[in-house]
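S.K.: Pasting a structure below so you can have a look.
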Amino acid sequence: MRRLTAGLLALLLMVPGVSAMAQQPGATSPGGATQTAAPAPALPADPGYQGYILGPHDTINVAVVGRQDYAAQAQVQEDGSITLPLIGTIPASGQSLLQLKADVEKRLKAGGYFRQPEVSIVL
């Protein structure tokens with residue numbers, strides 16, 4: 001296990017930006033000891049690639065947060081559309097994940113399916 005951990009650390013050190021983080025307090029030393037925790041690095045303004053622009057053949061998972069009765073996987077078709085439960089076929093190609101999220105929330109609310117849906121879309 002120690003050999004695997006050291007190998008994984010060596011691999012991570014080859015990734016740009018990770019080697020600098022490994023030198024900071026809070027990083028695990030090659031011996032496995034953990035130093036005092038440092039503040040987490042700032043997350044990008046767009047976590048989870050929400051600004052990614054969808055195109056044909058992209059596959060997404062769509063869910064209403066906190067509701068296990070609404071979850072779907074959809075692939076963007078050649079015509080740029082996806083088909084989701086309750087709301088049917090809608091355009092997706094050329095939209096960011098954030099734009100599609102807003103559109104799906106609006107359609108679920110307008111259809112009377114949810115009062116205040118919080119949709120999660122993952123590429």
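Naming scheme: A, B, ... for chains in displayed order of the structure tokens; residues 1 onward per chain; ligands 1 onward as shown.
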Can you list, as a list of chain:residue names, every protein, DNA or RNA residue that comes within 9 Å of Glu105 in chain A when you count only C-alpha atoms, leaving out same-chain residues fewer than 3 positions away?
M.R.: A:Val64, A:Leu100, A:Lys101, A:Ala102, A:Leu108, A:Lys109, A:Ala110, A:Phe114, A:Gln116, A:Pro117, A:Glu118, A:Val119
S.K.: Extract, using only C-alpha atoms, all DNA, RNA and protein residues at most 10 Å from Gln95 in chain A, discarding same-chain residues fewer than 6 positions from it, and format them as number ranges by chain.
M.R.: A: 51-55, 80, 101, 103
S.K.: Would you save the residues from that selection as a short mmCIF file (atom, residue, chain, number, x, y, z; two decimals), in the first residue's frame, using N, CA and C atoms?
M.R.:
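Produced file selection.cif, reproduced below:
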```
data_model
loop_
_atom_site.label_atom_id
_atom_site.label_comp_id
_atom_site.auth_asym_id
_atom_site.auth_seq_id
_atom_site.Cartn_x
_atom_site.Cartn_y
_atom_site.Cartn_z
N GLY A 51 -19.49 26.03 -17.78
CA GLY A 51 -19.46 26.88 -18.96
C GLY A 51 -19.20 26.10 -20.24
N TYR A 52 -19.00 24.78 -20.12
CA TYR A 52 -18.75 23.93 -21.28
C TYR A 52 -19.92 24.04 -22.25
N ILE A 53 -19.63 24.19 -23.53
CA ILE A 53 -20.67 24.28 -24.56
C ILE A 53 -20.95 22.88 -25.11
N LEU A 54 -22.20 22.49 -25.02
CA LEU A 54 -22.60 21.16 -25.45
C LEU A 54 -22.63 21.04 -26.97
N GLY A 55 -22.36 19.84 -27.44
CA GLY A 55 -22.41 19.54 -28.86
C GLY A 55 -22.88 18.11 -29.07
N GLY A 80 -28.91 18.29 -32.28
CA GLY A 80 -28.65 19.20 -31.16
C GLY A 80 -29.62 19.08 -30.01
N LYS A 101 -29.16 24.10 -17.71
CA LYS A 101 -29.70 23.95 -16.35
C LYS A 101 -30.86 24.91 -16.13
N ASP A 103 -32.71 26.37 -18.39
CA ASP A 103 -33.82 26.01 -19.28
C ASP A 103 -34.62 24.83 -18.71
#
```
S.K.: Between CA of Tyr70 in chain A and CA of Pro56 in chain A, what is the spacing in Å?
M.R.: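 The value is 23.3 Å.
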S.K.: Show which residues sit within 7 Å of Ile121 in chain A, as a ChimeraX atom specification. Count only C-alpha atoms, and ignore same-chain residues fewer than 3 positions away.
M.R.: /A:60-63,97,101
S.K.: Quick one: residues within 7 Å of His57 in chain A, only C-alpha atoms, excluding same-chain residues fewer than 3 positions away - as a count of residues only?
M.R.: 3
S.K.: Taking only C-alpha atoms into account, name the residue in A:Thr89, A:Ser120, A:Leu84, A:Gln99 that is nearest to Arg67 in chain A.
M.R.: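 With only C-alpha atoms as the atom set, the closest residue is A:Ser120.
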